[in-house]
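This is entry_9.cif. It holds mmCIF, C-alpha atoms.
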data_input
#
loop_
_atom_site.label_atom_id
_atom_site.label_comp_id
_atom_site.auth_asym_id
_atom_site.auth_seq_id
_atom_site.Cartn_x
_atom_site.Cartn_y
_atom_site.Cartn_z
CA MET A 701 0.00 0.00 0.00
CA SER A 702 1.31 3.46 -0.86
CA ARG A 703 1.86 6.08 1.82
CA LEU A 704 -1.36 7.25 3.47
CA LYS A 705 -2.14 10.98 3.40
CA LEU A 706 -4.93 13.31 4.52
CA GLY A 707 -7.92 13.27 2.21
CA ASP A 708 -7.26 9.78 0.83
CA PRO A 709 -10.41 7.71 0.22
CA VAL A 710 -9.98 4.40 2.07
CA VAL A 711 -11.62 1.10 2.91
CA VAL A 712 -11.19 0.33 6.61
CA TYR A 713 -12.24 -2.21 9.20
CA VAL A 714 -14.64 -0.37 11.50
CA ASP A 715 -14.84 -3.03 14.23
CA LEU A 716 -12.32 -4.58 16.60
CA ASN A 717 -12.71 -8.05 15.07
CA GLN A 718 -11.80 -6.70 11.61
CA THR A 719 -14.92 -8.16 10.00
CA VAL A 720 -16.99 -5.08 9.08
CA LYS A 721 -15.67 -2.73 6.43
CA GLY A 722 -16.51 0.89 5.81
CA ILE A 723 -15.50 3.59 3.35
CA GLY A 724 -14.34 7.04 4.29
CA PHE A 725 -11.70 9.73 3.97
CA VAL A 726 -8.54 10.13 6.04
CA ARG A 727 -8.89 13.21 8.29
CA TYR A 728 -6.12 12.56 10.84
CA ILE A 729 -2.90 10.54 10.99
CA GLY A 730 -0.92 10.44 14.22
CA LEU A 731 -0.15 8.95 17.59
CA ILE A 732 -2.87 8.66 20.21
CA GLU A 733 -1.66 8.81 23.82
CA GLN A 734 -4.79 7.13 25.22
CA TYR A 735 -4.10 4.11 22.98
CA GLY A 736 -0.48 3.52 24.00
CA MET A 737 1.12 6.03 21.63
CA LYS A 738 0.30 3.85 18.62
CA GLN A 739 -0.28 5.20 15.10
CA HIS A 740 -3.99 5.82 14.43
CA VAL A 741 -6.02 7.16 11.56
CA GLY A 742 -9.04 9.44 11.89
CA ILE A 743 -11.68 8.54 9.33
CA GLU A 744 -14.68 10.55 8.14
CA LEU A 745 -17.10 7.80 7.18
CA ILE A 746 -19.37 8.11 4.13
CA GLU A 747 -22.24 6.53 6.08
CA SER A 748 -22.90 7.26 9.74
CA MET A 749 -22.43 4.59 12.38
CA GLU A 750 -23.97 4.15 15.80
CA ASN A 751 -20.65 4.02 17.69
CA ALA A 752 -18.92 6.74 15.64
CA HIS A 753 -18.16 10.25 16.95
CA ASN A 754 -17.35 13.73 15.61
CA GLY A 755 -13.55 13.48 15.75
CA THR A 756 -13.31 14.23 19.46
CA VAL A 757 -12.21 11.37 21.75
CA ASP A 758 -11.91 11.68 25.53
CA GLY A 759 -12.21 15.47 25.25
CA ILE A 760 -9.45 15.83 22.65
CA GLN A 761 -10.40 16.92 19.14
CA TYR A 762 -8.26 15.13 16.56
CA PHE A 763 -10.37 16.16 13.55
CA SER A 764 -13.84 17.60 12.97
CA VAL A 765 -16.77 15.89 11.24
CA ASN A 766 -20.51 15.57 11.81
CA GLN A 767 -21.54 13.49 14.84
CA GLY A 768 -21.74 9.78 13.97
CA TYR A 769 -19.30 10.00 11.04
CA GLY A 770 -15.93 10.02 12.84
CA LEU A 771 -13.84 7.01 13.72
CA LEU A 772 -10.29 6.61 15.12
CA ILE A 773 -8.78 3.29 14.12
CA PRO A 774 -5.34 1.69 14.34
CA ILE A 775 -3.46 2.19 11.09
CA ILE A 776 -3.41 -1.60 10.55
CA ASN A 777 -7.23 -1.41 10.10
CA VAL A 778 -6.77 0.49 6.84
CA VAL A 779 -7.49 -2.16 4.22
CA LYS A 780 -6.88 -0.20 1.07
CA ILE A 781 -6.46 3.28 -0.37
CA LEU A 782 -9.11 3.66 -3.07
CA SER A 783 -8.39 4.98 -6.54
CA ALA A 784 -10.62 7.58 -8.16
CA SER A 785 -12.19 4.90 -10.37
CA GLU A 786 -13.04 2.76 -7.31
CA VAL A 787 -14.68 5.76 -5.64
CA LEU A 788 -16.72 6.41 -8.79
CA LEU A 789 -17.82 2.76 -8.94
CA LYS A 790 -18.97 2.92 -5.31
CA LEU A 791 -20.80 6.16 -6.09
CA LYS A 792 -22.44 4.48 -9.10
CA GLU A 793 -23.62 1.58 -6.89
CA SER A 794 -25.01 4.01 -4.31
CA LEU A 795 -26.78 5.98 -7.03
CA LYS A 796 -28.39 2.80 -8.38
CA ILE A 797 -29.72 1.93 -4.91
CA PHE A 798 -31.00 5.50 -4.46
CA LYS A 799 -32.81 5.42 -7.83
CA HIS A 800 -34.45 2.11 -6.91
CA GLN A 801 -35.66 3.51 -3.58
CA LEU A 802 -36.88 6.70 -5.29
CA THR A 803 -38.86 4.65 -7.81
CA ASN A 804 -40.49 2.70 -4.96
CA CYS A 805 -41.44 5.96 -3.23
CA MET A 806 -42.90 7.41 -6.44
CA ASN A 807 -44.99 4.25 -7.00
CA THR A 808 -46.33 4.49 -3.44
CA ILE A 809 -47.26 8.15 -3.97
CA GLN A 810 -49.07 7.31 -7.24
CA SER A 811 -50.99 4.53 -5.50
CA LYS A 812 -52.04 6.87 -2.67
CA ASP A 813 -53.08 9.52 -5.24
CA LYS A 814 -55.39 6.94 -6.90
CA GLN A 815 -56.92 6.07 -3.53
CA ILE A 816 -57.56 9.76 -2.80
CA LYS A 817 -59.19 10.21 -6.22
CA GLN A 818 -61.48 7.21 -5.59
CA LEU A 819 -62.47 8.56 -2.17
CA LYS A 820 -63.31 11.96 -3.67
CA GLU A 821 -65.45 10.29 -6.35
CA THR A 822 -67.29 8.30 -3.66
CA GLN A 823 -67.88 11.52 -1.72
CA ILE A 824 -69.35 13.20 -4.81
CA GLN A 825 -71.68 10.22 -5.38
CA LEU A 826 -72.85 10.26 -1.76
CA ASN A 827 -73.50 14.02 -1.92
CA SER A 828 -75.52 13.50 -5.11
CA ILE A 829 -77.64 10.81 -3.42
CA ILE A 830 -78.24 13.09 -0.43
CA ASN A 831 -79.25 16.00 -2.67
CA THR A 832 -81.64 13.75 -4.61
CA MET A 833 -83.21 12.48 -1.38
CA GLN A 834 -83.60 16.01 -0.04
CA SER A 835 -85.14 17.19 -3.30
CA THR A 836 -87.57 14.25 -3.34
CA THR A 837 -88.55 14.92 0.26
CA LYS A 838 -89.20 18.61 -0.47
CA ASP A 839 -91.32 17.77 -3.53
CA ARG A 840 -93.31 15.20 -1.53
CA ASP A 841 -93.87 17.66 1.32
CA LYS A 842 -95.26 20.24 -1.11
CA ASP A 843 -97.71 17.73 -2.57
CA GLU A 844 -99.03 16.46 0.75
CA SER A 845 -101.42 18.50 2.83
CA THR A 846 -100.24 17.10 6.13
CA SER A 847 -97.05 18.36 7.63
CA LYS A 848 -94.28 15.85 8.20
CA PRO A 849 -90.86 16.51 9.74
CA LYS A 850 -88.11 17.22 7.21
CA VAL A 851 -85.33 14.66 7.14
CA SER A 852 -81.60 15.21 6.62
CA ILE A 853 -78.88 12.60 6.45
CA VAL A 854 -75.61 13.14 8.25
CA ILE A 855 -72.64 10.95 7.36
CA SER A 856 -70.01 10.59 10.04
CA GLU A 857 -66.27 10.21 9.47
CA PRO A 858 -65.29 6.62 8.67
CA THR A 859 -64.15 4.55 11.61
CA LYS A 860 -61.85 1.56 11.32
CA THR A 861 -63.04 -1.75 12.75
CA LYS A 862 -61.57 -5.25 12.65
CA SER A 863 -63.86 -6.10 9.72
CA GLY A 864 -63.07 -2.93 7.71
CA GLN A 865 -64.24 0.69 7.41
CA ARG A 866 -67.60 1.67 8.76
CA TYR A 867 -69.68 4.75 7.95
CA SER A 868 -72.53 5.89 10.20
CA PHE A 869 -75.66 7.42 8.67
CA LYS A 870 -78.23 9.25 10.79
CA SER A 871 -81.57 10.64 9.75
CA ILE A 872 -82.40 13.88 11.55
CA ASN A 873 -85.76 15.65 11.52
CA SER A 874 -86.15 19.41 11.32
CA MET A 875 -85.86 19.64 15.11
CA ASN A 876 -82.31 18.13 14.90
CA SER A 877 -83.25 15.04 16.84
CA PRO A 878 -82.31 11.61 15.56
CA ILE A 879 -85.13 9.54 14.08
CA SER A 880 -83.14 6.43 13.23
CA ALA A 881 -79.58 5.32 12.67
CA MET A 882 -78.12 2.67 10.43
CA GLN A 883 -74.62 1.49 9.72
CA LYS A 884 -73.09 0.17 6.54
#

Entire entry expressed as structure tokens:
Amino acid sequence: MSRLKLGDPVVVYVDLNQTVKGIGFVRYIGLIEQYGMKQHVGIELIESMENAHNGTVDGIQYFSVNQGYGLLIPIINVVKILSASEVLLKLKESLKIFKHQLTNCMNTIQSKDKQIKQLKETQIQLNSIINTMQSTTKDRDKDESTSKPKVSIVISEPTKTKSGQRYSFKSINSMNSPISAMQK
């Protein structure tokens, strides 16, 4: 491996067992007193990690990165210095994954838009039925000589049950008192 320098893109082992690899950039090279004056490398990771920091260890700032992106590792944990072409290939892979996730999100949005459109159409149909019923009731009341209470239908918000959605319908007379209730 060629000589390591600040800014180099690298593949490193990010765990003590040297089993998990990560990619990042060299942000610090030097001895760490707390680790027995051994040569360490400060890495700014491309992806955050749960046990990573911001470049500050035990109150000493060795380098500065966003919280969760910094890692101090022994120099022997540096697996490889990446070439520009290797970095571009990794970027290409990441972009492919991002595009796939974006496509999934767009499909979900389109599906939800269709559901909203169907619900709006159902609402329009229900309003039309209500208007027709009210119109019929008014016409009937005009034709009859006896006075009957006027009826309105109130549709409640849908409620979710174990067996599906449920809408409540209530008939209300002109005095705003319920006459009957039914559920669909």

With the PyMOL selection byres ((chain A and resi 758) around 12) as the selection, what would be picked from this file? Answer as number ranges by chain, please.
A: 732-735, 753-757, 759-762, 772

What would the file look like if the residues just selected were written as a short mmCIF file (atom, residue, chain, number, x, y, z; two decimals), keeping the file's coordinate frame with C-alpha atoms?
data_model
loop_
_atom_site.label_atom_id
_atom_site.label_comp_id
_atom_site.auth_asym_id
_atom_site.auth_seq_id
_atom_site.Cartn_x
_atom_site.Cartn_y
_atom_site.Cartn_z
CA ILE A 732 -2.87 8.66 20.21
CA GLU A 733 -1.66 8.81 23.82
CA GLN A 734 -4.79 7.13 25.22
CA TYR A 735 -4.10 4.11 22.98
CA HIS A 753 -18.16 10.25 16.95
CA ASN A 754 -17.35 13.73 15.61
CA GLY A 755 -13.55 13.48 15.75
CA THR A 756 -13.31 14.23 19.46
CA VAL A 757 -12.21 11.37 21.75
CA GLY A 759 -12.21 15.47 25.25
CA ILE A 760 -9.45 15.83 22.65
CA GLN A 761 -10.40 16.92 19.14
CA TYR A 762 -8.26 15.13 16.56
CA LEU A 772 -10.29 6.61 15.12
#

For the PyMOL selection byres ((chain A and resi 745) around 12), applied here, can you spell out every residue it catches as a VMD selection string?
chain A and resid 707 to 714 721 to 727 741 to 744 746 to 755 764 to 773

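Take atom CA of Gln815 of chain A and atom CA of His800 of chain A: the distance between them is 23.1 Å.
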
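With atom CA of Leu706 of chain A on one side and atom CA of Tyr728 of chain A on the other, the separation reads 6.5 Å.
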
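From atom CA of Ile797 of chain A back to atom CA of Lys814 of chain A, the distance works out to 26.2 Å.
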